>>> print(open('data-v9.csv').read())   # CSV, C-alpha atoms and all ligand atoms
chain,number,residue,atom,x,y,z
A,44,MET,CA,13.9,-23.5,-7.1
A,45,GLU,CA,12.0,-24.4,-10.4
A,46,VAL,CA,9.8,-21.4,-11.5
A,47,PHE,CA,7.4,-21.7,-14.4
A,48,PRO,CA,6.6,-19.5,-16.3
A,49,ASN,CA,9.3,-16.9,-15.9
A,50,THR,CA,6.9,-14.3,-14.7
A,51,ILE,CA,6.2,-12.4,-11.5
A,52,LEU,CA,3.0,-10.7,-10.6
A,53,SER,CA,4.4,-7.3,-9.6
A,54,PRO,CA,3.5,-6.3,-6.1
A,55,MET,CA,0.9,-3.5,-6.2
A,56,ASP,CA,-0.2,-2.0,-2.9
A,57,GLY,CA,-4.0,-1.9,-2.7
A,58,VAL,CA,-4.3,-4.3,-5.6
A,59,THR,CA,-2.4,-7.6,-5.4
A,60,ASP,CA,-3.8,-8.9,-2.1
A,61,ALA,CA,-4.5,-12.6,-1.6
A,62,PRO,CA,-7.9,-12.5,-3.5
A,63,PHE,CA,-6.4,-10.7,-6.5
A,64,ARG,CA,-3.5,-13.2,-6.6
A,65,ARG,CA,-6.1,-16.0,-6.3
A,66,LEU,CA,-8.0,-14.6,-9.2
A,67,CYS,CA,-4.9,-14.5,-11.4
A,68,ARG,CA,-3.9,-18.0,-10.3
A,69,VAL,CA,-7.3,-19.4,-11.1
A,70,LEU,CA,-7.5,-17.7,-14.5
A,71,SER,CA,-4.0,-18.8,-15.4
A,72,GLY,CA,-4.4,-22.4,-14.4
A,73,ASN,CA,-2.1,-21.9,-11.4
A,74,ARG,CA,0.8,-21.0,-13.6
A,75,MET,CA,2.0,-17.7,-12.1
A,76,GLY,CA,5.8,-18.0,-11.8
A,77,LEU,CA,6.6,-16.1,-8.6
A,78,LEU,CA,4.2,-14.2,-6.3
A,79,VAL,CA,5.1,-11.3,-4.0
A,80,SER,CA,3.2,-9.6,-1.2
A,81,GLU,CA,2.2,-6.0,-1.3
A,82,PHE,CA,5.0,-4.0,0.4
A,83,VAL,CA,5.1,-4.2,4.2
A,84,PRO,CA,6.2,-1.1,6.1
A,85,THR,CA,8.9,-1.6,8.8
A,86,ASP,CA,9.5,2.0,9.9
A,87,GLY,CA,6.3,2.5,11.8
A,88,ASP,CA,6.4,0.0,14.7
A,89,ALA,CA,8.9,0.6,17.6
A,90,VAL,CA,9.6,-3.1,17.2
A,91,PHE,CA,8.3,-4.8,14.1
A,92,CYS,CA,5.2,-6.8,15.0
A,93,LEU,CA,3.6,-9.3,12.6
A,94,ASP,CA,0.1,-8.4,13.7
A,95,GLY,CA,-1.6,-5.6,11.9
A,96,HIS,CA,0.2,-6.1,8.6
A,97,LYS,CA,-2.6,-7.6,6.5
A,98,GLN,CA,-0.2,-7.8,3.5
A,99,LEU,CA,1.6,-10.7,5.2
A,100,LYS,CA,-1.4,-13.1,4.6
A,101,PHE,CA,-0.7,-15.8,2.0
A,102,PHE,CA,-1.7,-19.3,1.3
A,103,PRO,CA,0.4,-22.5,0.8
A,104,GLU,CA,-0.8,-22.8,-2.8
A,105,GLU,CA,0.7,-19.4,-3.6
A,106,ARG,CA,4.3,-20.7,-3.2
A,107,PRO,CA,6.8,-19.8,-4.4
A,108,PHE,CA,5.9,-16.6,-2.5
A,109,GLY,CA,8.0,-13.7,-1.4
A,110,VAL,CA,7.3,-11.0,1.2
A,111,GLN,CA,8.4,-7.5,0.2
A,112,ILE,CA,9.5,-5.1,3.0
A,113,PHE,CA,10.3,-1.4,2.9
A,114,GLY,CA,11.8,1.1,5.2
A,115,ARG,CA,14.9,3.2,5.8
A,116,PHE,CA,16.3,1.9,9.0
A,117,PRO,CA,18.7,-1.1,8.5
A,118,ASP,CA,18.0,-2.5,12.0
A,119,LYS,CA,14.3,-2.3,11.7
A,120,MET,CA,14.4,-3.9,8.3
A,121,ALA,CA,16.5,-6.7,9.7
A,122,VAL,CA,14.2,-7.4,12.6
A,123,ALA,CA,11.2,-7.4,10.3
A,124,ALA,CA,12.9,-9.8,7.9
A,125,GLN,CA,13.8,-12.2,10.7
A,126,LYS,CA,10.4,-12.2,12.2
A,127,ILE,CA,8.7,-12.8,8.9
A,128,ALA,CA,11.2,-15.5,7.9
A,129,GLU,CA,10.9,-17.4,11.1
A,130,ALA,CA,7.1,-17.1,11.6
A,131,LEU,CA,5.8,-17.3,8.1
A,132,ARG,CA,8.6,-19.0,6.2
A,133,PRO,CA,8.0,-17.4,2.8
A,134,ASP,CA,10.2,-18.5,-0.1
A,135,PHE,CA,12.2,-15.3,-0.2
A,136,ILE,CA,12.4,-11.8,1.3
A,137,GLU,CA,12.5,-8.8,-1.0
A,138,VAL,CA,13.6,-5.3,-0.3
A,139,ASN,CA,11.8,-2.5,-2.0
A,140,ALA,CA,13.9,0.3,-3.5
A,141,GLY,CA,11.4,1.5,-6.0
A,142,CYS,CA,8.3,3.0,-4.5
A,143,PRO,CA,8.0,6.6,-5.7
A,144,ALA,CA,5.2,7.7,-3.4
A,145,PRO,CA,6.1,11.0,-1.6
A,146,LYS,CA,5.2,9.5,1.8
A,147,VAL,CA,7.7,6.7,1.2
A,148,ALA,CA,10.4,8.0,-1.1
A,149,GLY,CA,10.3,11.5,0.4
A,150,LYS,CA,11.2,9.9,3.8
A,151,GLY,CA,14.2,8.1,2.3
A,152,SER,CA,12.8,4.6,1.8
A,153,GLY,CA,11.5,2.9,-1.4
A,154,SER,CA,13.1,4.7,-4.3
A,155,GLY,CA,14.4,7.3,-1.8
A,156,LEU,CA,17.2,4.7,-1.2
A,157,LEU,CA,18.4,5.3,-4.7
A,158,ARG,CA,19.6,8.8,-3.5
A,159,ASP,CA,21.4,7.1,-0.6
A,160,LEU,CA,23.1,4.0,-1.9
A,161,PRO,CA,25.3,3.5,1.2
A,162,ARG,CA,22.0,3.2,3.2
A,163,LEU,CA,20.6,0.7,0.7
A,164,GLN,CA,23.8,-1.2,1.1
A,165,GLU,CA,23.6,-1.2,4.9
A,166,ILE,CA,20.0,-2.4,4.7
A,167,LEU,CA,20.9,-5.3,2.4
A,168,HIS,CA,23.8,-6.1,4.5
A,169,GLU,CA,21.8,-6.2,7.8
A,170,VAL,CA,18.9,-8.1,6.2
A,171,ARG,CA,21.2,-10.7,4.6
A,172,GLY,CA,23.2,-11.1,7.8
A,173,THR,CA,20.0,-11.7,9.8
A,174,LEU,CA,18.6,-14.2,7.3
A,175,ASP,CA,21.9,-16.0,7.4
A,176,SER,CA,21.9,-16.3,11.2
A,177,CYS,CA,18.2,-17.1,11.8
A,178,SER,CA,16.8,-20.6,11.7
A,179,VAL,CA,15.5,-20.3,8.1
A,180,ASN,CA,18.0,-19.2,5.5
A,181,LEU,CA,16.0,-17.5,2.8
A,182,PRO,CA,17.0,-16.0,-0.5
A,183,LEU,CA,17.1,-12.2,-0.5
A,184,THR,CA,15.9,-10.3,-3.6
A,185,LEU,CA,15.8,-6.6,-4.5
A,186,LYS,CA,13.4,-4.5,-6.6
A,187,CYS,CA,14.6,-1.1,-7.8
A,188,ARG,CA,14.1,1.6,-10.3
A,189,ILE,CA,16.9,2.7,-12.7
A,190,GLY,CA,17.5,5.8,-10.6
A,191,TRP,CA,16.0,8.9,-8.9
A,192,ASP,CA,15.9,11.0,-12.1
A,193,SER,CA,17.3,11.0,-15.6
A,194,ASP,CA,20.4,12.9,-14.4
A,195,SER,CA,21.2,10.4,-11.7
A,196,ILE,CA,20.7,6.9,-13.2
A,197,ASN,CA,22.6,4.6,-10.9
A,198,VAL,CA,21.1,1.2,-11.5
A,199,MET,CA,24.6,-0.3,-12.4
A,200,GLU,CA,25.8,0.8,-9.0
A,201,THR,CA,22.7,-0.7,-7.4
A,202,LEU,CA,23.4,-4.0,-9.2
A,203,ARG,CA,27.0,-3.9,-7.9
A,204,ILE,CA,25.9,-3.3,-4.3
A,205,ALA,CA,23.2,-5.9,-4.5
A,206,GLU,CA,25.6,-8.6,-5.8
A,207,GLY,CA,28.2,-7.7,-3.2
A,208,GLU,CA,25.6,-8.1,-0.4
A,209,GLY,CA,24.3,-11.5,-1.5
A,210,VAL,CA,21.1,-10.5,-3.3
A,211,GLU,CA,20.1,-13.4,-5.4
A,212,MET,CA,17.7,-11.8,-7.9
A,213,LEU,CA,17.2,-8.2,-9.0
A,214,THR,CA,14.0,-6.8,-10.5
A,215,VAL,CA,14.5,-3.6,-12.4
A,216,HIS,CA,11.6,-1.3,-13.1
A,217,GLY,CA,12.8,0.7,-16.1
A,218,ARG,CA,11.6,4.1,-14.9
A,219,THR,CA,13.2,6.7,-12.6
A,220,ARG,CA,11.5,7.8,-9.4
A,221,LEU,CA,10.7,11.2,-11.0
A,222,GLN,CA,8.7,9.5,-13.8
A,223,GLY,CA,6.3,7.9,-11.3
A,224,TYR,CA,4.4,5.6,-13.6
A,225,ASN,CA,4.5,8.0,-16.5
A,226,GLY,CA,5.8,7.5,-20.0
A,227,LEU,CA,7.3,4.1,-21.0
A,228,ALA,CA,9.9,2.1,-19.1
A,229,ASP,CA,13.5,2.3,-20.5
A,230,TRP,CA,14.3,-1.2,-21.4
A,231,ASP,CA,17.8,-0.3,-22.7
A,232,TRP,CA,18.9,0.3,-19.2
A,233,ILE,CA,17.4,-3.1,-18.1
A,234,GLY,CA,19.4,-4.7,-20.9
A,235,LYS,CA,22.6,-3.0,-19.7
A,236,VAL,CA,22.0,-4.4,-16.2
A,237,VAL,CA,21.4,-7.9,-17.6
A,238,ALA,CA,24.7,-7.7,-19.6
A,239,ALA,CA,26.7,-6.8,-16.5
A,240,ALA,CA,24.9,-9.0,-13.9
A,241,LYS,CA,25.9,-12.3,-12.4
A,242,ILE,CA,22.5,-12.8,-10.8
A,243,PRO,CA,19.2,-13.3,-12.6
A,244,VAL,CA,17.6,-10.0,-13.6
A,245,ILE,CA,13.9,-9.6,-14.0
A,246,GLY,CA,12.7,-6.8,-16.3
A,247,ASN,CA,9.7,-4.7,-15.3
A,248,GLY,CA,7.6,-2.0,-17.0
A,249,ASP,CA,4.8,-2.1,-19.5
A,250,VAL,CA,4.6,-5.8,-20.3
A,251,ASN,CA,1.0,-6.3,-21.3
A,252,SER,CA,0.9,-9.3,-23.7
A,253,VAL,CA,2.6,-12.6,-24.6
A,254,GLU,CA,4.2,-10.9,-27.6
A,255,VAL,CA,5.7,-8.1,-25.4
A,256,ALA,CA,6.9,-10.6,-22.8
A,257,ARG,CA,8.6,-12.7,-25.5
A,258,GLU,CA,10.1,-9.6,-27.2
A,259,ARG,CA,11.5,-8.3,-23.9
A,260,ILE,CA,13.0,-11.7,-22.9
A,261,GLU,CA,14.5,-12.2,-26.3
A,262,THR,CA,15.8,-8.7,-26.9
A,263,TYR,CA,17.1,-7.8,-23.4
A,264,GLY,CA,18.0,-11.2,-22.1
A,265,VAL,CA,16.1,-10.9,-18.9
A,266,ALA,CA,15.5,-14.0,-16.9
A,267,GLY,CA,11.8,-13.2,-16.7
A,268,VAL,CA,9.3,-10.4,-16.7
A,269,SER,CA,7.4,-8.8,-13.8
A,270,ILE,CA,3.9,-7.7,-14.8
A,271,GLY,CA,1.9,-5.2,-12.8
A,272,ARG,CA,-0.8,-3.1,-14.4
A,273,GLY,CA,-0.9,-5.5,-17.3
A,274,ALA,CA,-2.4,-8.1,-15.0
A,275,MET,CA,-5.2,-5.7,-14.1
A,276,HIS,CA,-5.9,-5.2,-17.8
A,277,ASN,CA,-5.5,-8.9,-18.5
A,278,PRO,CA,-5.5,-11.3,-15.4
A,279,TRP,CA,-5.1,-14.3,-17.8
A,280,ILE,CA,-1.7,-13.1,-19.0
A,281,PHE,CA,0.4,-15.5,-16.9
A,282,GLY,CA,-1.4,-18.5,-18.2
A,283,GLN,CA,-1.2,-17.2,-21.7
A,284,ILE,CA,2.5,-16.8,-21.4
A,285,ALA,CA,2.8,-20.3,-20.0
A,286,ASP,CA,0.7,-21.6,-22.9
A,287,ALA,CA,3.0,-19.9,-25.4
A,288,TRP,CA,6.1,-21.4,-23.7
A,289,GLU,CA,4.5,-24.8,-23.9
A,290,GLY,CA,3.6,-24.4,-27.5
A,291,LYS,CA,-0.1,-24.5,-26.9
A,292,PRO,CA,-2.4,-22.5,-29.2
A,293,ALA,CA,-3.4,-19.0,-27.9
A,294,HIS,CA,-6.9,-19.1,-26.2
A,295,GLU,CA,-8.7,-15.9,-27.1
A,296,ILE,CA,-10.8,-14.5,-24.2
A,297,THR,CA,-14.2,-13.3,-25.3
A,298,ALA,CA,-15.7,-10.1,-23.8
A,299,VAL,CA,-18.4,-12.2,-22.0
A,300,GLU,CA,-15.7,-14.4,-20.5
A,301,ALA,CA,-13.9,-11.2,-19.4
A,302,LEU,CA,-17.0,-9.9,-17.7
A,303,ASP,CA,-17.3,-13.3,-15.8
A,304,VAL,CA,-14.2,-12.5,-13.7
A,305,PHE,CA,-16.2,-10.1,-11.6
A,306,PRO,CA,-18.5,-12.6,-9.8
A,307,LEU,CA,-15.4,-14.7,-9.2
A,308,TYR,CA,-13.3,-11.8,-7.8
A,309,TYR,CA,-16.2,-10.7,-5.6
A,310,LYS,CA,-16.5,-14.2,-4.2
A,311,PHE,CA,-12.8,-14.3,-3.4
A,312,LYS,CA,-13.0,-10.9,-1.8
A,313,LEU,CA,-15.9,-11.9,0.5
A,314,GLU,CA,-14.2,-15.2,1.4
A,315,ASP,CA,-11.2,-13.2,2.4
A,316,GLY,CA,-13.4,-11.2,4.9
A,317,SER,CA,-14.0,-8.1,2.8
A,318,THR,CA,-17.1,-6.0,3.4
A,319,GLU,CA,-19.6,-5.7,0.5
A,320,LEU,CA,-18.6,-2.1,0.0
A,321,GLY,CA,-14.9,-2.9,0.1
A,322,ALA,CA,-15.3,-5.7,-2.4
A,323,LEU,CA,-17.4,-3.3,-4.7
A,324,GLY,CA,-14.5,-0.9,-4.6
A,325,ARG,CA,-12.1,-3.6,-5.8
A,326,LEU,CA,-14.6,-4.7,-8.5
A,327,LYS,CA,-14.6,-1.1,-9.9
A,328,GLN,CA,-10.8,-0.9,-9.6
A,329,LEU,CA,-10.5,-4.0,-11.8
A,330,ALA,CA,-13.3,-2.8,-14.2
A,331,ALA,CA,-11.6,0.5,-14.8
A,332,ARG,CA,-8.6,-1.4,-16.2
A,333,LEU,CA,-10.1,-4.5,-17.7
A,334,CYS,CA,-12.8,-2.8,-19.7
A,335,LYS,CA,-10.2,-0.8,-21.6
A,336,GLY,CA,-9.5,-3.9,-23.5
A,337,PHE,CA,-13.1,-4.0,-24.9
A,338,CYS,CA,-13.8,-2.7,-28.4
A,339,LEU,CA,-16.7,-2.9,-30.9
A,340,ASP,CA,-16.0,-2.6,-34.6
A,341,GLY,CA,-12.6,-1.0,-33.8
A,342,SER,CA,-14.2,1.7,-31.7
A,343,ASP,CA,-13.8,2.4,-28.0
A,344,ASP,CA,-17.2,4.0,-27.5
A,345,ALA,CA,-19.0,0.8,-26.4
A,346,ALA,CA,-16.2,0.0,-24.0
A,347,MET,CA,-16.6,3.4,-22.5
A,348,GLN,CA,-20.3,2.6,-22.0
A,349,VAL,CA,-19.6,-0.7,-20.3
A,350,ARG,CA,-17.0,0.9,-18.1
A,351,GLN,CA,-19.3,3.8,-17.2
A,352,ALA,CA,-22.2,1.4,-16.3
A,353,LEU,CA,-20.0,-0.6,-14.0
A,354,LEU,CA,-18.1,2.2,-12.4
A,355,THR,CA,-21.3,4.2,-11.4
A,356,ALA,CA,-23.0,1.3,-9.7
A,357,GLN,CA,-23.8,2.2,-6.1
A,358,THR,CA,-24.1,-1.3,-4.6
A,359,ALA,CA,-22.8,-4.7,-5.5
A,360,GLY,CA,-26.4,-5.7,-6.4
A,361,GLU,CA,-26.5,-2.9,-8.9
A,362,PHE,CA,-23.1,-3.8,-10.3
A,363,PHE,CA,-24.1,-7.3,-10.9
A,364,ASP,CA,-27.6,-6.4,-12.4
A,365,ARG,CA,-25.8,-4.1,-14.9
A,366,LEU,CA,-23.2,-6.8,-15.5
A,367,GLN,CA,-25.9,-9.2,-16.4
A,368,THR,CA,-27.6,-6.7,-18.8
A,369,LEU,CA,-24.2,-6.1,-20.5
A,370,ARG,CA,-23.5,-9.8,-20.6
A,371,GLU,CA,-26.7,-10.6,-22.4
A,372,GLY,CA,-26.5,-7.5,-24.7
A,373,VAL,CA,-23.6,-5.4,-26.0
A,374,ALA,CA,-20.8,-7.7,-24.7
A,375,ARG,CA,-21.9,-10.5,-27.1
A,376,ASP,CA,-20.7,-8.3,-30.1
A,377,MET,CA,-17.6,-6.9,-28.4
A,378,HIS,CA,-14.0,-8.1,-28.6
A,379,TYR,CA,-11.6,-8.2,-25.7
A,380,ASP,CA,-8.0,-7.3,-26.7
A,381,PRO,CA,-6.0,-5.9,-23.8
A,382,GLY,CA,-2.8,-6.1,-25.9
A,383,ARG,CA,-3.8,-3.0,-27.9
A,384,LEU,CA,-3.1,-0.8,-24.9
A,385,VAL,CA,0.5,0.4,-25.0
A,386,ASN,CA,0.6,3.0,-22.3
A,387,LEU,CA,-0.9,1.4,-19.2
A,388,ASN,CA,-1.1,4.7,-17.4
A,389,GLY,CA,-4.6,5.5,-18.6
A,390,ALA,CA,-5.7,9.1,-18.4
A,391,LYS,CA,-4.4,9.7,-14.9
A,392,GLU,CA,-1.4,11.9,-14.7
A,393,THR,CA,1.0,10.3,-12.3
A,394,GLU,CA,4.2,12.1,-13.0
A,395,LEU,CA,6.0,13.3,-9.9
A,396,ARG,CA,7.9,16.6,-10.0
A,397,PHE,CA,10.9,17.7,-7.9
A,398,GLY,CA,9.7,19.2,-4.6
A,399,ASP,CA,6.5,17.0,-4.5
A,400,GLN,CA,8.0,15.0,-1.6
A,401,PHE,CA,8.2,18.1,0.5
A,402,LEU,CA,4.6,19.1,-0.2
A,403,GLY,CA,3.3,15.8,1.1
A,404,ARG,CA,1.7,15.0,-2.2
B,501,LIG,C1,-1.2,0.8,-7.5
B,501,LIG,C2,0.2,0.4,-7.5
B,501,LIG,C3,0.8,-0.1,-6.4
B,501,LIG,C4,2.1,-0.5,-6.4
B,501,LIG,N1,2.7,-1.1,-5.2
B,501,LIG,C5,3.9,-1.6,-5.3
B,501,LIG,C6,4.5,-2.3,-4.1
B,501,LIG,O1,3.9,-2.4,-3.1
B,501,LIG,N2,5.8,-2.8,-4.2
B,501,LIG,C7,6.5,-2.6,-5.4
B,501,LIG,O2,7.6,-3.1,-5.5
B,501,LIG,N3,6.0,-2.0,-6.5
B,501,LIG,C8,4.7,-1.5,-6.4
B,501,LIG,N4,4.2,-0.9,-7.6
B,501,LIG,C9,5.0,-0.9,-8.8
B,501,LIG,C10,4.7,-2.2,-9.6
B,501,LIG,O3,5.1,-3.3,-9.0
B,501,LIG,C11,5.5,-2.1,-11.0
B,501,LIG,O4,6.9,-2.0,-10.7
B,501,LIG,C12,5.1,-0.9,-11.8
B,501,LIG,O5,3.6,-0.8,-11.9
B,501,LIG,C13,5.6,-1.1,-13.3
B,501,LIG,O6,5.2,-2.3,-13.8
B,501,LIG,P1,4.0,-2.4,-14.9
B,501,LIG,O7,4.3,-1.4,-16.0
B,501,LIG,O8,4.0,-3.8,-15.3
B,501,LIG,O9,2.7,-1.9,-14.1
B,501,LIG,C14,2.9,-0.5,-7.6
B,501,LIG,C15,2.3,0.0,-8.7
B,501,LIG,C16,1.0,0.4,-8.8
B,501,LIG,C17,0.4,0.9,-10.0
>>> encode(input="data-v9.csv", output="structure tokens")
Amino acid sequence: MEVFPNTILSPMDGVTDAPFRRLCRVLSGNRMGLLVSEFVPTDGDAVFCLDGHKQLKFFPEERPFGVQIFGRFPDKMAVAAQKIAEALRPDFIEVNAGCPAPKVAGKGSGSGLLRDLPRLQEILHEVRGTLDSCSVNLPLTLKCRIGWDSDSINVMETLRIAEGEGVEMLTVHGRTRLQGYNGLADWDWIGKVVAAAKIPVIGNGDVNSVEVARERIETYGVAGVSIGRGAMHNPWIFGQIADAWEGKPAHEITAVEALDVFPLYYKFKLEDGSTELGALGRLKQLAARLCKGFCLDGSDDAAMQVRQALLTAQTAGEFFDRLQTLREGVARDMHYDPGRLVNLNGAKETELRFGDQFLGR
């Protein structure tokens, strides 16, 4: 399968639904590399049922597209993989061994599997076996973290198991489960996995510009980069990387152009059946990230004002009235430079501590 550029829009639950993926595709000239669904739970249903999992919705133009599943029961994961493969025929199925959320990891799935590698192996074995025996034989991929905590880093073991079970691509998020999304990803570990791997390894964590993508690929030898929060700060990033690979000059996005993504995103959300209020929530989610790239004369103050104006809008009408005022006013003098953000975490503390999984946090 030819994939260009060598990027993946990292799956982000509650963010990378079909309208967000469509926004990134349009802004990037349809040059997205691989796309993946938000993760789909398999533990809940007595027998996995396609209905009711809105994350499964994707469009032909999104291909190559993978569906990511998570769970802790090998048989349920296998049934889900089979039903998804046969009914929807995505281009690959991915198993999630990275989610740190207490309600997932604390129950032994997502990154909880990194504390129980025999179970992860059984899941991969069952899913691979099912995919081999069903009418469509799809590639199986795995996304993992480097380990549960800094005392139990086991990503080399995960690689060995994945390769042994026929996984065809491994995406490594260079953080432990305990880190949550805090601090910076440890790319040295990703590099070690690449050096030992026979399958393509995708690096993930903190890629937020063409320069960082290039540096990660050249320094660590990854086959590609998976970009999550960086795409919320800069939804043009995939096209910018594609341009760089094709030797095209960098196209600088102006602050006004950046503001113009909001009507487009709103339209895509409504076309997807979202309510006005639901769509407004997503506009604000994107604004909270994207506006951090704004600056005026090297200062963040004006960006804070833009952000504040958009985030406090009560209705979509109010949001767009304010947007128009900003567009015709302060945004004309502002710059948009998302690459200046190194830590994509923002102000929110997302570190998880031992014991959190038992407190239901
Ligand atoms: C809001 C949010 C939701 C996420 N949901 C998923 C998910 O469904 N599946 C998954 O594999 N990773 C998920 N992740 C992790 C991202 O795919 C990615 O691994 C992580 O954000 C690190 O990459 P980044 O530094 O480029 O953001 C999520 C991350 C965030 C912030």
>>> residues_near_ligand(input="data-v9.csv", ligand="ligand LIG 501 (chain B)", cutoff="7 Å", atoms="only C-alpha atoms and all ligand atoms", output="list in words")
Ser53, Pro54, Met55, Asp56, Gly57, Val58, Glu81, Phe82, Gln111, Asn139, Gly141, Cys142, Lys186, His216, Tyr224, Asn247, Gly248, Asp249, Val250, Ser269, Ile270, Gly271, Arg272, Gly273 and Leu387 of chain A
>>> closest_residue(input="data-v9.csv", among="A:Ala285, A:Met377, A:Ala238, A:Leu99", to="A:Val46", atoms="only C-alpha atoms")
A:Ala285
>>> closest_residue(input="data-v9.csv", among="A:Gly360, A:Pro381, A:Glu208, A:Val110", to="A:Val253", atoms="only C-alpha atoms")
A:Pro381
>>> closest_residue(input="data-v9.csv", among="A:Gly217, A:Gly155, A:Pro306, A:Pro133", to="A:Ile245", atoms="all atoms listed in the file")
A:Gly217
>>> closest_atom_pairs(input="data-v9.csv", of="stretch 88-187 of chain A", to="stretch 311-325 of chain A", cutoff="12 Å", atoms="only C-alpha atoms", output="Markdown table")
| residue | atom | partner | partner_atom | distance |
| --- | --- | --- | --- | --- |
| A:Lys97 | CA | A:Asp315 | CA | 11.1 |
| A:Lys100 | CA | A:Asp315 | CA | 10.0 |
| A:Phe101 | CA | A:Asp315 | CA | 10.8 |
| A:Phe102 | CA | A:Asp315 | CA | 11.3 |
>>> closest_residue(input="data-v9.csv", among="A:Ile260, A:Leu333, A:Ala239, A:Leu78", to="A:Pro278", atoms="all atoms listed in the file")
A:Leu333
>>> residues_around(input="data-v9.csv", residues="stretch 194-202 of chain A", least_positions_apart="4", cutoff="8 Å", atoms="only C-alpha atoms", output="count of residues only")
12
>>> decode(input="data-v9.csv", residues="stretch 195-232 of chain A", atoms="C-alpha atoms", output="PDB file, in the first residue's frame")
ATOM      1  CA  SER A 195       8.602  -1.122  33.881  1.00  0.00           C
ATOM      2  CA  ILE A 196       9.419  -0.008  30.360  1.00  0.00           C
ATOM      3  CA  ASN A 197       8.705  -3.038  28.202  1.00  0.00           C
ATOM      4  CA  VAL A 198       8.266  -1.708  24.692  1.00  0.00           C
ATOM      5  CA  MET A 199      11.016  -4.024  23.343  1.00  0.00           C
ATOM      6  CA  GLU A 200       9.039  -6.976  24.670  1.00  0.00           C
ATOM      7  CA  THR A 201       5.870  -5.553  23.131  1.00  0.00           C
ATOM      8  CA  LEU A 202       7.668  -5.293  19.790  1.00  0.00           C
ATOM      9  CA  ARG A 203       8.812  -8.916  20.015  1.00  0.00           C
ATOM     10  CA  ILE A 204       5.283 -10.111  20.772  1.00  0.00           C
ATOM     11  CA  ALA A 205       3.780  -7.951  18.032  1.00  0.00           C
ATOM     12  CA  GLU A 206       6.177  -9.266  15.402  1.00  0.00           C
ATOM     13  CA  GLY A 207       5.619 -12.844  16.566  1.00  0.00           C
ATOM     14  CA  GLU A 208       1.856 -12.449  16.197  1.00  0.00           C
ATOM     15  CA  GLY A 209       1.926 -11.017  12.694  1.00  0.00           C
ATOM     16  CA  VAL A 210       1.440  -7.332  13.486  1.00  0.00           C
ATOM     17  CA  GLU A 211       2.466  -5.390  10.390  1.00  0.00           C
ATOM     18  CA  MET A 212       3.081  -1.927  11.828  1.00  0.00           C
ATOM     19  CA  LEU A 213       3.732  -0.639  15.335  1.00  0.00           C
ATOM     20  CA  THR A 214       3.048   2.911  16.466  1.00  0.00           C
ATOM     21  CA  VAL A 215       4.941   3.793  19.633  1.00  0.00           C
ATOM     22  CA  HIS A 216       3.828   6.735  21.762  1.00  0.00           C
ATOM     23  CA  GLY A 217       6.992   7.605  23.674  1.00  0.00           C
ATOM     24  CA  ARG A 218       5.360   8.058  27.069  1.00  0.00           C
ATOM     25  CA  THR A 219       4.515   5.688  29.884  1.00  0.00           C
ATOM     26  CA  ARG A 220       0.958   5.210  31.056  1.00  0.00           C
ATOM     27  CA  LEU A 221       1.806   6.978  34.283  1.00  0.00           C
ATOM     28  CA  GLN A 222       2.848  10.093  32.388  1.00  0.00           C
ATOM     29  CA  GLY A 223      -0.578  10.456  30.828  1.00  0.00           C
ATOM     30  CA  TYR A 224       0.054  13.266  28.360  1.00  0.00           C
ATOM     31  CA  ASN A 225       2.485  15.053  30.637  1.00  0.00           C
ATOM     32  CA  GLY A 226       6.074  16.004  29.944  1.00  0.00           C
ATOM     33  CA  LEU A 227       7.696  15.178  26.631  1.00  0.00           C
ATOM     34  CA  ALA A 228       7.731  11.839  24.828  1.00  0.00           C
ATOM     35  CA  ASP A 229      10.958   9.832  25.111  1.00  0.00           C
ATOM     36  CA  TRP A 230      12.091   9.432  21.516  1.00  0.00           C
ATOM     37  CA  ASP A 231      15.253   7.549  22.502  1.00  0.00           C
ATOM     38  CA  TRP A 232      13.061   4.570  23.311  1.00  0.00           C
TER      39      TRP A 232
END
